[in-house]
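As stored in my_file.cif (mmCIF, C-alpha atoms):
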```
data_work
#
loop_
_atom_site.group_PDB
_atom_site.id
_atom_site.type_symbol
_atom_site.label_atom_id
_atom_site.label_comp_id
_atom_site.auth_asym_id
_atom_site.auth_seq_id
_atom_site.Cartn_x
_atom_site.Cartn_y
_atom_site.Cartn_z
ATOM 1 C CA MET W 1361 -23.889 8.769 9.443
ATOM 2 C CA ASP W 1362 -22.422 11.142 6.852
ATOM 3 C CA LEU W 1363 -19.788 10.165 4.281
ATOM 4 C CA LEU W 1364 -16.848 11.632 6.201
ATOM 5 C CA GLN W 1365 -17.764 9.748 9.364
ATOM 6 C CA PHE W 1366 -18.203 6.533 7.374
ATOM 7 C CA LEU W 1367 -14.770 6.957 5.765
ATOM 8 C CA SER W 1368 -13.285 7.727 9.180
ATOM 9 C CA TRP W 1369 -14.537 4.407 10.543
ATOM 10 C CA ALA W 1370 -13.373 2.628 7.380
ATOM 11 C CA CYS W 1371 -9.866 4.066 7.845
ATOM 12 C CA ILE W 1372 -9.791 2.937 11.464
ATOM 13 C CA VAL W 1373 -11.055 -0.597 10.806
ATOM 14 C CA PHE W 1374 -8.941 -1.316 7.712
ATOM 15 C CA THR W 1375 -5.745 0.283 9.037
ATOM 16 C CA VAL W 1376 -5.889 -1.461 12.411
ATOM 17 C CA GLY W 1377 -6.596 -4.682 10.517
ATOM 18 C CA MET W 1378 -3.515 -4.118 8.374
ATOM 19 C CA PHE W 1379 -1.337 -3.415 11.420
ATOM 20 C CA SER W 1380 -2.740 -6.526 13.107
ATOM 21 C CA THR W 1381 -1.358 -8.790 10.376
ATOM 22 C CA GLY W 1382 1.914 -8.592 12.274
ATOM 23 C CA LEU W 1383 0.301 -10.676 15.006
ATOM 24 C CA SER W 1384 0.899 -13.750 12.839
ATOM 25 C CA ASP W 1385 4.648 -13.027 12.917
ATOM 26 C CA LEU W 1386 4.454 -12.487 16.648
ATOM 27 C CA ASN W 1387 2.726 -15.860 17.036
ATOM 28 C CA LYS W 1388 5.436 -17.540 14.949
ATOM 29 C CA MET W 1389 8.143 -16.028 17.133
ATOM 30 C CA ARG W 1390 6.379 -17.102 20.305
ATOM 31 C CA LYS W 1391 5.891 -20.685 19.139
ATOM 32 C CA SER W 1392 9.342 -21.189 17.605
ATOM 33 C CA LYS W 1393 11.179 -19.061 20.186
ATOM 34 C CA SER W 1394 13.031 -17.590 17.207
ATOM 35 C CA ALA W 1395 12.819 -14.577 14.870
ATOM 36 C CA ASP W 1396 15.178 -15.933 12.213
ATOM 37 C CA ASN W 1397 12.748 -15.910 9.271
ATOM 38 C CA ILE W 1398 11.036 -12.633 10.120
ATOM 39 C CA GLN W 1399 12.143 -9.168 8.986
ATOM 40 C CA PHE W 1400 12.727 -6.549 11.668
ATOM 41 C CA LEU W 1401 13.026 -3.292 9.722
ATOM 42 C CA PRO W 1402 9.359 -3.200 8.588
ATOM 43 C CA PHE W 1403 8.313 -3.125 12.256
ATOM 44 C CA LEU W 1404 10.776 -0.336 13.028
ATOM 45 C CA THR W 1405 10.036 1.869 10.010
ATOM 46 C CA THR W 1406 6.284 1.432 10.435
ATOM 47 C CA CYS W 1407 6.583 2.479 14.077
ATOM 48 C CA LEU W 1408 8.482 5.642 13.074
ATOM 49 C CA ASN W 1409 5.873 6.335 10.417
ATOM 50 C CA ASN W 1410 3.059 5.883 12.951
ATOM 51 C CA ILE W 1411 4.674 8.304 15.397
ATOM 52 C CA GLY W 1412 5.179 10.895 12.650
ATOM 53 C CA TRP W 1413 1.550 10.691 11.539
ATOM 54 C CA LEU W 1414 0.420 10.716 15.171
ATOM 55 C CA TYR W 1415 2.137 14.070 15.632
ATOM 56 C CA TYR W 1416 0.550 15.281 12.383
ATOM 57 C CA GLY W 1417 -2.877 14.211 13.625
ATOM 58 C CA ILE W 1418 -2.336 16.027 16.929
ATOM 59 C CA LEU W 1419 -1.345 19.249 15.157
ATOM 60 C CA LYS W 1420 -4.244 18.911 12.722
ATOM 61 C CA GLN W 1421 -6.600 17.924 15.561
ATOM 62 C CA ASP W 1422 -7.813 14.927 13.563
ATOM 63 C CA GLN W 1423 -8.966 12.219 15.957
ATOM 64 C CA THR W 1424 -9.068 9.549 13.229
ATOM 65 C CA ILE W 1425 -5.374 9.992 12.443
ATOM 66 C CA VAL W 1426 -4.512 10.169 16.149
ATOM 67 C CA LEU W 1427 -6.429 7.002 17.066
ATOM 68 C CA VAL W 1428 -5.177 4.896 14.160
ATOM 69 C CA ASN W 1429 -1.526 5.798 14.623
ATOM 70 C CA THR W 1430 -1.651 5.459 18.408
ATOM 71 C CA ILE W 1431 -2.856 1.868 17.973
ATOM 72 C CA GLY W 1432 -0.317 1.306 15.190
ATOM 73 C CA ALA W 1433 2.605 2.626 17.248
ATOM 74 C CA LEU W 1434 1.619 0.459 20.229
ATOM 75 C CA LEU W 1435 1.363 -2.664 18.056
ATOM 76 C CA GLN W 1436 4.688 -1.997 16.345
ATOM 77 C CA THR W 1437 6.307 -1.426 19.746
ATOM 78 C CA LEU W 1438 4.960 -4.808 20.830
ATOM 79 C CA TYR W 1439 6.353 -6.477 17.706
ATOM 80 C CA ILE W 1440 9.738 -4.795 18.215
ATOM 81 C CA THR W 1441 9.864 -5.883 21.868
ATOM 82 C CA MET W 1442 9.019 -9.493 21.031
ATOM 83 C CA TYR W 1443 11.488 -9.533 18.155
ATOM 84 C CA LEU W 1444 14.230 -8.285 20.448
ATOM 85 C CA ARG W 1445 13.368 -11.049 22.899
ATOM 86 C CA TYR W 1446 13.637 -13.871 20.381
ATOM 87 C CA THR W 1447 16.231 -12.691 17.861
ATOM 88 C CA SER W 1448 19.732 -14.117 17.838
ATOM 89 C CA HIS W 1449 21.072 -10.808 16.460
ATOM 90 C CA LYS W 1450 20.334 -8.618 19.456
ATOM 91 C CA THR W 1451 23.273 -6.272 18.897
ATOM 92 C CA THR W 1452 22.151 -5.397 15.367
ATOM 93 C CA VAL W 1453 18.520 -4.962 16.395
ATOM 94 C CA VAL W 1454 19.418 -2.743 19.350
ATOM 95 C CA SER W 1455 21.720 -0.630 17.149
ATOM 96 C CA GLN W 1456 18.986 -0.136 14.560
ATOM 97 C CA THR W 1457 16.458 0.735 17.262
ATOM 98 C CA VAL W 1458 18.785 3.275 18.867
ATOM 99 C CA ALA W 1459 19.478 4.833 15.448
ATOM 100 C CA ALA W 1460 15.729 5.125 14.859
ATOM 101 C CA MET W 1461 15.272 6.783 18.252
ATOM 102 C CA VAL W 1462 18.024 9.279 17.436
ATOM 103 C CA ILE W 1463 16.332 10.102 14.105
ATOM 104 C CA LEU W 1464 12.976 10.456 15.829
ATOM 105 C CA THR W 1465 14.386 12.695 18.570
ATOM 106 C CA SER W 1466 16.242 14.854 16.042
ATOM 107 C CA GLY W 1467 13.106 15.239 13.955
ATOM 108 C CA TRP W 1468 11.017 16.174 16.976
ATOM 109 C CA PHE W 1469 13.640 18.731 18.053
ATOM 110 C CA TYR W 1470 13.687 20.268 14.565
ATOM 111 C CA PHE W 1471 9.925 20.544 14.182
ATOM 112 C CA THR W 1472 9.341 21.909 17.690
ATOM 113 C CA THR W 1473 12.349 24.267 17.886
ATOM 114 C CA PHE W 1474 13.145 25.618 14.433
ATOM 115 C CA LEU W 1475 9.690 25.775 12.846
ATOM 116 C CA PRO W 1476 7.041 28.288 13.878
ATOM 117 C CA GLN W 1477 3.836 26.756 15.121
ATOM 118 C CA GLY W 1478 0.990 26.880 12.657
ATOM 119 C CA GLN W 1479 0.378 25.933 9.033
ATOM 120 C CA SER W 1480 4.062 25.978 8.057
ATOM 121 C CA GLN W 1481 4.921 23.421 10.733
ATOM 122 C CA LEU W 1482 1.946 21.274 9.741
ATOM 123 C CA ASN W 1483 2.853 21.415 6.028
ATOM 124 C CA GLN W 1484 6.489 20.427 6.551
ATOM 125 C CA LEU W 1485 5.519 17.598 8.868
ATOM 126 C CA GLY W 1486 2.883 16.398 6.405
ATOM 127 C CA LEU W 1487 5.405 16.468 3.563
ATOM 128 C CA THR W 1488 7.952 14.512 5.615
ATOM 129 C CA CYS W 1489 5.416 11.881 6.626
ATOM 130 C CA SER W 1490 4.188 11.643 3.031
ATOM 131 C CA VAL W 1491 7.693 10.966 1.704
ATOM 132 C CA VAL W 1492 8.251 8.234 4.297
ATOM 133 C CA THR W 1493 4.874 6.612 3.546
ATOM 134 C CA VAL W 1494 5.449 6.673 -0.237
ATOM 135 C CA SER W 1495 8.892 5.107 0.292
ATOM 136 C CA MET W 1496 7.347 2.329 2.390
ATOM 137 C CA TYR W 1497 4.733 1.584 -0.271
ATOM 138 C CA LEU W 1498 7.213 1.642 -3.160
ATOM 139 C CA SER W 1499 10.078 -0.266 -1.495
ATOM 140 C CA PRO W 1500 8.496 -3.721 -2.124
ATOM 141 C CA LEU W 1501 8.541 -3.074 -5.900
ATOM 142 C CA ILE W 1502 12.072 -4.481 -6.013
ATOM 143 C CA ASP W 1503 10.756 -7.774 -4.611
ATOM 144 C CA LEU W 1504 7.879 -7.729 -7.106
ATOM 145 C CA VAL W 1505 10.356 -7.619 -9.973
ATOM 146 C CA GLY W 1506 11.960 -10.778 -8.605
ATOM 147 C CA ILE W 1507 8.544 -12.421 -8.298
ATOM 148 C CA VAL W 1508 7.747 -11.638 -11.936
ATOM 149 C CA ARG W 1509 11.018 -13.235 -12.988
ATOM 150 C CA SER W 1510 10.607 -16.330 -10.829
ATOM 151 C CA GLY W 1511 6.834 -16.699 -11.056
ATOM 152 C CA ASN W 1512 6.747 -17.552 -7.331
ATOM 153 C CA VAL W 1513 4.242 -15.644 -5.153
ATOM 154 C CA GLN W 1514 4.695 -17.685 -1.975
ATOM 155 C CA CYS W 1515 6.581 -14.845 -0.291
ATOM 156 C CA LEU W 1516 3.581 -12.517 -0.733
ATOM 157 C CA SER W 1517 0.792 -12.315 1.832
ATOM 158 C CA PHE W 1518 -2.641 -12.255 0.216
ATOM 159 C CA PRO W 1519 -4.477 -11.066 3.393
ATOM 160 C CA LEU W 1520 -1.938 -8.235 3.791
ATOM 161 C CA THR W 1521 -2.429 -7.282 0.132
ATOM 162 C CA VAL W 1522 -6.207 -7.110 0.609
ATOM 163 C CA ALA W 1523 -5.795 -5.101 3.830
ATOM 164 C CA THR W 1524 -3.349 -2.689 2.171
ATOM 165 C CA PHE W 1525 -5.684 -2.131 -0.780
ATOM 166 C CA PHE W 1526 -8.709 -1.264 1.359
ATOM 167 C CA THR W 1527 -6.616 0.757 3.805
ATOM 168 C CA SER W 1528 -5.028 2.866 1.063
ATOM 169 C CA THR W 1529 -8.338 3.361 -0.717
ATOM 170 C CA SER W 1530 -10.143 4.468 2.439
ATOM 171 C CA TRP W 1531 -7.399 6.975 3.309
ATOM 172 C CA VAL W 1532 -7.356 8.413 -0.214
ATOM 173 C CA LEU W 1533 -11.122 8.950 -0.071
ATOM 174 C CA TYR W 1534 -10.883 10.343 3.462
ATOM 175 C CA GLY W 1535 -8.132 12.749 2.421
ATOM 176 C CA HIS W 1536 -10.211 13.800 -0.591
ATOM 177 C CA GLN W 1537 -13.131 14.679 1.678
ATOM 178 C CA LEU W 1538 -10.793 16.792 3.818
ATOM 179 C CA ASN W 1539 -9.013 18.220 0.759
ATOM 180 C CA ASP W 1540 -5.746 17.111 2.402
ATOM 181 C CA TYR W 1541 -3.161 16.128 -0.208
ATOM 182 C CA PHE W 1542 -0.756 14.977 2.507
ATOM 183 C CA ILE W 1543 -3.226 12.157 3.188
ATOM 184 C CA MET W 1544 -4.308 11.469 -0.386
ATOM 185 C CA VAL W 1545 -0.994 11.451 -2.259
ATOM 186 C CA PRO W 1546 1.104 9.091 -0.072
ATOM 187 C CA ASN W 1547 -1.661 6.490 0.072
ATOM 188 C CA THR W 1548 -2.244 6.379 -3.682
ATOM 189 C CA PRO W 1549 0.853 4.194 -4.347
ATOM 190 C CA GLY W 1550 -0.582 1.650 -1.904
ATOM 191 C CA ILE W 1551 -3.548 1.158 -4.231
ATOM 192 C CA PHE W 1552 -1.370 0.635 -7.293
ATOM 193 C CA THR W 1553 1.097 -1.717 -5.600
ATOM 194 C CA SER W 1554 -1.826 -3.754 -4.229
ATOM 195 C CA LEU W 1555 -3.330 -4.015 -7.724
ATOM 196 C CA ILE W 1556 0.019 -5.237 -9.017
ATOM 197 C CA ARG W 1557 0.096 -7.882 -6.290
ATOM 198 C CA PHE W 1558 -3.459 -8.964 -7.115
ATOM 199 C CA TYR W 1559 -2.386 -9.466 -10.707
ATOM 200 C CA LEU W 1560 0.672 -11.484 -9.624
ATOM 201 C CA PHE W 1561 -1.502 -13.740 -7.474
ATOM 202 C CA TRP W 1562 -3.868 -14.271 -10.396
ATOM 203 C CA ARG W 1563 -1.043 -14.787 -12.886
ATOM 204 C CA PHE W 1564 1.410 -16.938 -10.945
ATOM 205 C CA ALA W 1565 -0.615 -18.765 -8.274
ATOM 206 C CA SER W 1566 -0.021 -22.502 -8.539
ATOM 207 C CA PRO W 1567 -2.945 -24.859 -9.295
ATOM 208 C CA ASP W 1568 -3.056 -25.867 -5.627
ATOM 209 C CA HIS W 1569 -3.517 -22.280 -4.504
ATOM 210 C CA SER W 1570 -5.240 -20.604 -7.437
ATOM 211 C CA PRO W 1571 -8.901 -21.436 -6.570
ATOM 212 C CA PRO W 1572 -9.059 -19.486 -3.276
ATOM 213 C CA TYR W 1573 -7.035 -16.568 -4.657
ATOM 214 C CA LYS W 1574 -8.983 -16.290 -7.883
ATOM 215 C CA SER W 1575 -12.349 -16.751 -6.213
ATOM 216 C CA MET W 1576 -11.555 -13.804 -3.951
ATOM 217 C CA LEU W 1577 -10.580 -11.666 -6.943
ATOM 218 C CA ILE W 1578 -13.762 -12.342 -8.965
#
```
Using structure tokens, write down the structure that the file contains.
Amino acid sequence: MDLLQFLSWACIVFTVGMFSTGLSDLNKMRKSKSADNIQFLPFLTTCLNNIGWLYYGILKQDQTIVLVNTIGALLQTLYITMYLRYTSHKTTVVSQTVAAMVILTSGWFYFTTFLPQGQSQLNQLGLTCSVVTVSMYLSPLIDLVGIVRSGNVQCLSFPLTVATFFTSTSWVLYGHQLNDYFIMVPNTPGIFTSLIRFYLFWRFASPDHSPPYKSMLI
């Protein structure tokens, strides 16, 4: 197995693992018959991001990108469906979902109608997907500021942080092997934000929780 193939499998395993962390939220919704304490927008934006990268992978003929984002889109669709079933704010959720579908349809129409097929289309799609991915990685920084001020890390998921770190790292290395900056650049912030979260766990974990966190960091 060469390095590129190894990194391809690493991207698949770590990314699907990261997407699968949403199964815990799905299980909570199923058991409580409620979605009150679970955020909806991360499911929706991640689904849009998956579909965008899926299209990029199809145009680039990269089976790793296609496979990962097909699985991701299907999982996010499952989460969205279950959320819609159990939420008490169905009108808001439906409105947000319809708005996302309009954005997705408009984007597809633009890329397939107004852009010539070839490298130009691929570059613009890659740039768009990169901007969305960077925004998703950087958006939690606002919450991290609040955590620093309060010293409370209970709202952070340590398994998700670990999954994000390895996922981002594997994609950066994979993109480097392909010399594809649209893969490398948007995943780099995921490494840095994960490192910040690791530090917050180490710095602010309470005595009751610090042994397992710190033992995993050593």
| request: Output the residue selection produced by the PyMOL selection byres ((chain W and resi 1540) around 12) on the file above, formatted as a ChimeraX atom specification. | output: /W:1416-1417,1420,1422,1482-1483,1486-1487,1490,1531-1539,1541-1547
| Atomic distance CA of Met1442 in chain W - CA of Thr1521 in chain W, expressed in Å with one decimal | 23.9 Å
| message | Residues within 10 Å of Thr1405 in chain W, please, as an MDAnalysis selection string. Count all atoms listed in the file; anything in the same chain fewer than 6 positions from it doesn't count. | response | chainID W and resid 1411 1436 1457 1460 1492:1493 1496
Would you save the residues of that selection, restricted to C-alpha atoms, as a PDB file, in the frame of the given file?
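Produced file out-v1.pdb, reproduced below:
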```pdb
ATOM      1  CA  ILE W1411       4.674   8.304  15.397  1.00  0.00           C
ATOM      2  CA  GLN W1436       4.688  -1.997  16.345  1.00  0.00           C
ATOM      3  CA  THR W1457      16.458   0.735  17.262  1.00  0.00           C
ATOM      4  CA  ALA W1460      15.729   5.125  14.859  1.00  0.00           C
ATOM      5  CA  VAL W1492       8.251   8.234   4.297  1.00  0.00           C
ATOM      6  CA  THR W1493       4.874   6.612   3.546  1.00  0.00           C
ATOM      7  CA  MET W1496       7.347   2.329   2.390  1.00  0.00           C
TER       8      MET W1496
END
```
| said: Could you check the closest approach to Val1522 in chain W for each of W:Leu1475, W:Met1378, W:Ile1507, W:Leu1438 and tell me which residue wins, using only C-alpha atoms? | reply: W:Met1378
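Distances to Phe1374 in chain W were evaluated for W:Val1505, W:Gly1511, W:Ser1530, W:Ile1418 using all atoms listed in the file, and the minimum falls at W:Ser1530.
Pairwise distance (CA of Ile1372 in chain W, CA of Leu1427 in chain W) equals 7.7 Å.
When the distance limit is 10 Å and only C-alpha atoms are what count, the residues near Val1453 in chain W, minus those fewer than 2 positions from it on the same chain, are Phe1400, Leu1401, Leu1404, Ile1440, Tyr1443, Leu1444, Thr1447, Ser1448, His1449, Lys1450, Thr1451, Ser1455, Gln1456, Thr1457, Val1458 and Ala1459 of chain W.
If you count all atoms listed in the file and ignore residues fewer than 4 places along the chain from Asp1503 in chain W, what sits within 12 Å of it is Tyr1497, Leu1498, Ser1499, Ile1507, Val1508, Arg1509, Ser1510, Gly1511, Asn1512, Val1513, Gln1514, Cys1515, Leu1516, Thr1553, Ile1556, Arg1557 and Leu1560 of chain W.
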